[in-house]
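Novice: You'll find run-v4.cif just under this line, and it carries mmCIF, C-alpha atoms.
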data_data
#
loop_
_atom_site.label_atom_id
_atom_site.label_comp_id
_atom_site.auth_asym_id
_atom_site.auth_seq_id
_atom_site.Cartn_x
_atom_site.Cartn_y
_atom_site.Cartn_z
CA MET A 27 149.31 56.02 80.19
CA GLU A 28 147.85 54.68 76.94
CA PHE A 29 144.11 54.14 76.74
CA GLY A 30 143.95 51.10 74.48
CA LEU A 31 141.86 48.16 75.61
CA MET A 32 144.87 46.00 76.43
CA ASP A 33 146.51 48.86 78.34
CA ILE A 34 143.34 49.42 80.35
CA TRP A 35 143.05 45.66 81.02
CA ASN A 36 146.62 45.51 82.28
CA HIS A 37 146.00 48.38 84.69
CA MET A 38 142.65 47.06 85.99
CA GLY A 39 142.48 45.56 89.45
CA TRP A 40 141.58 41.92 89.96
CA GLU A 41 138.05 42.86 91.02
CA ALA A 42 137.37 44.73 87.78
CA LYS A 43 138.92 41.88 85.81
CA ALA A 44 136.62 39.41 87.60
CA VAL A 45 133.61 41.52 86.64
CA ALA A 46 134.78 41.66 83.02
CA LEU A 47 135.26 37.88 82.95
CA ILE A 48 131.75 37.30 84.34
CA LEU A 49 130.32 39.56 81.64
CA ALA A 50 132.37 37.74 78.99
CA LEU A 51 130.91 34.41 80.14
CA MET A 52 127.42 35.91 79.93
CA SER A 53 128.13 37.06 76.39
CA ILE A 54 129.41 33.60 75.40
CA TRP A 55 126.28 31.99 76.87
CA THR A 56 124.07 34.42 74.92
CA ILE A 57 125.85 33.47 71.69
CA LYS A 58 125.47 29.76 72.48
CA VAL A 59 121.75 30.01 73.22
CA THR A 60 121.23 32.15 70.12
CA PHE A 61 122.84 29.66 67.75
CA ASP A 62 121.12 26.71 69.44
CA ARG A 63 117.65 28.27 69.22
CA VAL A 64 118.12 29.55 65.66
CA ILE A 65 119.08 26.06 64.47
CA LEU A 66 116.16 24.49 66.34
CA TYR A 67 113.58 26.99 65.11
CA ARG A 68 114.73 26.76 61.51
CA ALA A 69 114.57 22.97 61.63
CA ALA A 70 111.11 23.07 63.24
CA ARG A 71 109.84 25.48 60.62
CA LYS A 72 111.33 23.60 57.65
CA GLN A 73 110.15 20.17 58.81
CA SER A 74 106.67 21.50 59.55
CA ILE A 75 106.40 22.91 56.04
CA ASP A 76 107.46 19.54 54.62
CA PHE A 77 105.29 17.51 57.00
CA LEU A 78 101.93 19.24 56.80
CA PRO A 79 101.05 18.57 53.11
CA LEU A 80 102.00 14.90 53.46
CA ALA A 81 100.11 14.47 56.72
CA THR A 82 97.04 16.21 55.29
CA GLN A 83 97.06 13.84 52.33
CA CYS A 84 97.32 10.80 54.62
CA LEU A 85 94.42 11.98 56.76
CA LYS A 86 92.24 12.73 53.75
CA ASN A 87 92.86 9.18 52.51
CA ASN A 88 92.18 7.80 56.00
CA LYS A 89 95.73 6.42 56.24
CA LEU A 90 96.25 7.02 59.95
CA ARG A 91 99.10 4.53 60.37
CA GLU A 92 101.03 6.15 57.55
CA ALA A 93 100.45 9.53 59.17
CA VAL A 94 101.91 8.23 62.43
CA GLU A 95 104.96 6.81 60.67
CA LEU A 96 105.35 10.05 58.77
CA ALA A 97 105.36 12.04 62.00
CA LYS A 98 108.26 9.92 63.29
CA LYS A 99 110.39 11.11 60.36
CA TYR A 100 109.83 14.77 61.26
CA ARG A 101 110.50 14.73 64.98
CA LYS A 102 111.95 18.26 64.95
CA SER A 103 108.65 19.63 63.73
CA HIS A 104 106.53 21.05 66.54
CA LEU A 105 103.37 20.31 64.58
CA SER A 106 104.25 16.67 63.87
CA ARG A 107 104.68 15.99 67.59
CA VAL A 108 101.25 17.40 68.44
CA ILE A 109 99.49 15.63 65.59
CA ALA A 110 101.27 12.36 66.37
CA ALA A 111 100.11 12.61 69.99
CA GLY A 112 96.50 12.88 68.82
CA LEU A 113 96.85 9.98 66.41
CA HIS A 114 98.51 7.75 69.00
CA GLU A 115 95.74 8.50 71.48
CA MET A 116 93.09 7.74 68.89
CA GLN A 117 94.66 4.37 68.13
CA SER A 118 94.97 3.57 71.82
CA GLU A 119 91.36 4.53 72.58
CA SER A 120 90.13 2.56 69.57
CA GLU A 121 91.96 -0.56 70.74
CA ASP A 122 90.36 -0.17 74.17
CA GLY A 123 86.93 0.07 72.57
CA ILE A 124 86.36 3.68 73.62
CA GLU A 125 84.49 5.80 71.12
CA GLY A 126 82.51 9.00 70.82
CA GLY A 127 82.90 11.96 73.11
CA LEU A 128 85.19 10.15 75.56
CA MET A 129 87.67 9.42 72.77
CA LEU A 130 87.49 13.01 71.60
CA ASP A 131 88.23 14.35 75.08
CA ALA A 132 91.18 11.98 75.48
CA ILE A 133 92.60 13.02 72.10
CA ARG A 134 92.26 16.70 72.97
CA ARG A 135 94.00 16.22 76.31
CA ALA A 136 96.83 14.26 74.69
CA MET A 137 97.47 17.02 72.17
CA ASP A 138 97.28 19.69 74.87
CA ARG A 139 99.87 17.83 76.96
CA GLU A 140 102.17 17.46 73.99
CA SER A 141 101.78 21.15 73.12
CA ILE A 142 102.93 22.06 76.63
CA LEU A 143 105.96 19.76 76.35
CA VAL A 144 106.89 21.12 72.93
CA SER A 145 106.55 24.75 74.02
CA THR A 146 108.76 23.97 77.03
CA ASP A 147 111.42 22.53 74.72
CA LEU A 148 111.20 25.58 72.46
CA LYS A 149 111.69 27.94 75.43
CA LYS A 150 114.82 26.26 76.79
CA GLY A 151 117.55 28.80 77.45
CA ILE A 152 115.42 31.81 76.59
CA SER A 153 114.75 32.76 80.21
CA SER A 154 118.50 32.95 80.83
CA LEU A 155 118.71 35.70 78.18
CA ALA A 156 116.21 37.76 80.15
CA THR A 157 118.29 37.23 83.28
CA ILE A 158 121.46 38.32 81.48
CA GLY A 159 119.74 41.37 80.01
CA THR A 160 118.52 42.39 83.46
CA THR A 161 121.66 41.74 85.53
CA ALA A 162 124.54 42.54 83.15
CA PRO A 163 124.23 46.36 83.46
CA PHE A 164 124.22 46.11 87.25
CA ILE A 165 127.25 43.82 87.25
CA GLY A 166 129.05 46.32 85.05
CA LEU A 167 127.94 49.15 87.31
CA PHE A 168 129.31 47.30 90.31
CA GLY A 169 132.70 47.13 88.63
CA THR A 170 132.53 50.83 87.84
CA VAL A 171 131.62 51.83 91.41
CA TYR A 172 134.39 49.71 92.84
CA GLY A 173 136.86 51.10 90.30
CA ILE A 174 135.98 54.70 91.15
CA ILE A 175 136.36 53.97 94.86
CA HIS A 176 139.73 52.40 94.15
CA ALA A 177 140.79 55.45 92.08
CA PHE A 178 139.91 57.90 94.86
CA GLN A 179 141.65 55.73 97.43
CA ALA A 180 144.78 55.79 95.27
CA MET A 181 144.53 59.57 95.02
CA ALA A 182 144.15 59.90 98.78
CA SER A 183 147.10 57.63 99.50
CA SER A 184 149.36 59.48 97.05
CA GLY A 185 148.32 62.89 98.37
CA SER A 186 147.83 64.34 94.87
CA GLY A 187 144.61 65.97 93.71
CA GLY A 188 142.92 67.05 90.55
CA LEU A 189 141.13 65.28 87.75
CA ALA A 190 144.31 64.23 86.02
CA SER A 191 145.31 62.04 88.94
CA VAL A 192 142.09 60.03 88.86
CA SER A 193 141.18 60.13 85.16
CA ALA A 194 143.01 56.91 84.37
CA GLY A 195 141.32 55.04 87.21
CA ILE A 196 137.88 56.35 86.27
CA SER A 197 138.36 55.40 82.63
CA GLU A 198 139.25 51.87 83.71
CA ALA A 199 136.17 51.75 85.91
CA LEU A 200 133.77 52.96 83.22
CA ILE A 201 134.88 50.16 80.90
CA THR A 202 132.92 47.63 82.97
CA THR A 203 129.67 49.63 82.64
CA ALA A 204 130.15 49.87 78.87
CA PHE A 205 130.87 46.14 78.72
CA GLY A 206 127.75 45.41 80.79
CA LEU A 207 125.57 47.37 78.36
CA PHE A 208 127.31 45.68 75.43
CA VAL A 209 126.30 42.29 76.87
CA ALA A 210 122.79 43.26 78.02
CA ILE A 211 121.41 45.00 74.93
CA PRO A 212 121.79 42.04 72.49
CA ALA A 213 120.49 39.63 75.15
CA VAL A 214 117.28 41.62 75.64
CA TRP A 215 116.77 42.03 71.90
CA ILE A 216 117.32 38.32 71.20
CA PHE A 217 115.02 37.38 74.10
CA ASN A 218 112.19 39.45 72.62
CA VAL A 219 112.71 37.99 69.14
CA PHE A 220 112.74 34.40 70.42
CA THR A 221 109.70 34.99 72.66
CA GLY A 222 107.74 36.20 69.64
CA ARG A 223 108.86 33.17 67.65
CA VAL A 224 107.79 30.74 70.39
CA ASP A 225 104.41 32.48 70.70
CA TYR A 226 103.92 31.97 66.96
CA PHE A 227 104.84 28.27 67.25
CA VAL A 228 102.35 27.87 70.11
CA LEU A 229 99.65 29.51 68.00
CA GLU A 230 100.40 27.09 65.16
CA MET A 231 100.16 24.12 67.54
CA ASN A 232 96.82 25.35 68.91
CA ASN A 233 95.46 25.74 65.40
CA SER A 234 96.70 22.28 64.41
CA SER A 235 95.12 20.77 67.52
CA SER A 236 91.82 22.44 66.67
CA GLU A 237 91.94 21.15 63.11
CA MET A 238 92.77 17.66 64.32
CA VAL A 239 89.81 17.73 66.70
CA ASP A 240 87.58 18.78 63.78
CA PHE A 241 88.97 15.87 61.76
CA PHE A 242 88.23 13.36 64.52
CA ILE A 243 84.72 14.77 65.01
CA LYS A 244 83.95 14.29 61.32
CA LYS A 245 85.55 10.84 61.31
CA GLN A 246 83.66 9.59 64.37
CA ASN A 247 80.51 11.69 63.83
CA VAL A 248 80.77 12.93 67.40
CA PRO A 249 78.50 15.84 68.35
CA VAL A 250 80.25 18.84 69.88
CA ARG A 251 79.49 19.12 73.60
CA GLY A 252 80.04 22.05 75.90
CA GLN A 253 83.25 23.90 75.20
CA GLY A 254 84.57 21.54 72.60
CA VAL A 255 86.13 22.53 69.35
CA GLY A 256 84.84 26.05 69.48
CA ALA A 257 86.96 26.80 72.55
CA HIS A 258 90.10 25.58 70.82
CA ALA A 259 89.34 27.23 67.52
CA GLY A 260 88.89 30.55 69.22
CA ARG A 261 92.40 30.61 70.64
#
Output the structure of this file as structure tokens.
Specialist:
Amino acid sequence: MEFGLMDIWNHMGWEAKAVALILALMSIWTIKVTFDRVILYRAARKQSIDFLPLATQCLKNNKLREAVELAKKYRKSHLSRVIAAGLHEMQSESEDGIEGGLMLDAIRRAMDRESILVSTDLKKGISSLATIGTTAPFIGLFGTVYGIIHAFQAMASSGSGGLASVSAGISEALITTAFGLFVAIPAVWIFNVFTGRVDYFVLEMNNSSSEMVDFFIKKQNVPVRGQGVGAHAGR
């Protein structure tokens, strides 16, 4: 018997082939999530770099409406969404005649809510990578155990003994374990990289929220009460 991949595939039982197909689907999903997140994170980073100087200039010149319109052009930026949420809330509270500390609290809550929504969007699909990294080795091991059992059953039914009679079956079985590790290792590595990237984005959003609160305090001359800006700035 030849031991090429196609030869081993042709001699595998349907159970081992099913395990290999499941692992292949997991690998395809990992690739899909990876490309999707890389494109999203690059766009978020690039648009944030372009957005921040322009938004800062608008706020310094007290052009809040222009800042809101500017944020709409950079919807893929995680920072623009948080800042826009604060600006929208400020406009809404101003139209309702609410000022001072109540406005500041409402603005802070609006930005916190938007930060949660943005971080949820950034994390989409990442948890599935952790699941794949955890389960793929066990799925491969299941295929190996079943393949070894099948090899020994074949040896018992044929009445022959020795390692040579079962070596082909064992080699087929071990392929699924190797494939499971091949799928799991990149998934775990990518999961850790993306988790670190999302944590960094969340930190940036918290810092931007804190700076926006400082801006609104200076604009409205609102005294800091309780755990106001200091709590956010210390994150």
Novice: The PyMOL selection byres ((chain A and resi 232) around 10) - which residues does that actually catch in the file I just gave you? List them as a VMD selection string.
Specialist: chain A and resid 105 108 137 to 138 141 226 to 231 233 to 238 258 to 261
Novice: Could you pull the residues within 9 Å of stretch 81-84 of chain A, counting only C-alpha atoms, minus those fewer than 4 positions along the same chain, as a list in words?
Specialist: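 Returned residues: Phe77, Asn88, Lys89, Leu90, Arg91, Glu92, Ala93, Val94, Leu96, Ala97, Ser106 and Ile109 of chain A.
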Novice: Tell me which protein, DNA and RNA residues are within 10 Å of A:Gly151, counting only C-alpha atoms, leaving out same-chain ones fewer than 6 positions away, and put them as a compact mmCIF listing (two decimals) with C-alpha atoms, in the coordinates of the input.
Specialist:
# COMPACT_ATOMS: atom_id res chain seq x y z
CA TRP A 55 126.28 31.99 76.87
CA THR A 56 124.07 34.42 74.92
CA LYS A 58 125.47 29.76 72.48
CA VAL A 59 121.75 30.01 73.22
CA THR A 60 121.23 32.15 70.12
CA ASP A 62 121.12 26.71 69.44
CA ARG A 63 117.65 28.27 69.22
CA PHE A 217 115.02 37.38 74.10
Novice: Of the candidates A:Lys98, A:Arg135, A:Arg223, A:Lys86, which one gets nearest to A:Leu148 if we count only C-alpha atoms?
Specialist: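 Between A:Lys98, A:Arg135, A:Arg223, A:Lys86, the residue approaching A:Leu148 most closely is A:Arg223.
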Novice: For A:Leu47, which of A:Gln73, A:Ser197, A:Thr202, A:Ser154 is the closest residue, counting all atoms listed in the file?
Specialist: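 Looking only at the distances to A:Leu47, the closest residue turns out to be A:Thr202.
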Novice: Which residue out of A:Lys149, A:Leu85, A:Phe208, A:Met181 has the minimum interatomic distance to A:Ile165 when only C-alpha atoms are used?
Specialist: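 Closest to A:Ile165, using only C-alpha atoms: A:Phe208.
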Novice: Box in all listed atoms of stretch 56-68 of chain A, axis-aligned, with 3 Å more on each side; write out centre and edge lengths in Å to one decimal as JSON.
Specialist:
{"center_x": 119.7, "center_y": 29.5, "center_z": 68.2, "size_x": 18.3, "size_y": 15.9, "size_z": 19.4}
Novice: Counting all atoms listed in the file, which residue out of A:Ile196, A:Thr221, A:Arg101, A:Arg134 sits closest to A:Thr146?
Specialist: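 Of A:Ile196, A:Thr221, A:Arg101, A:Arg134, the one nearest A:Thr146, counting all atoms listed in the file, is A:Thr221.
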Novice: Separation of atom CA of A:Ala42 and atom CA of A:Ile54, in Å?
Specialist: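 Taking atom CA of A:Ala42 and atom CA of A:Ile54, their separation equals 18.5 Å.
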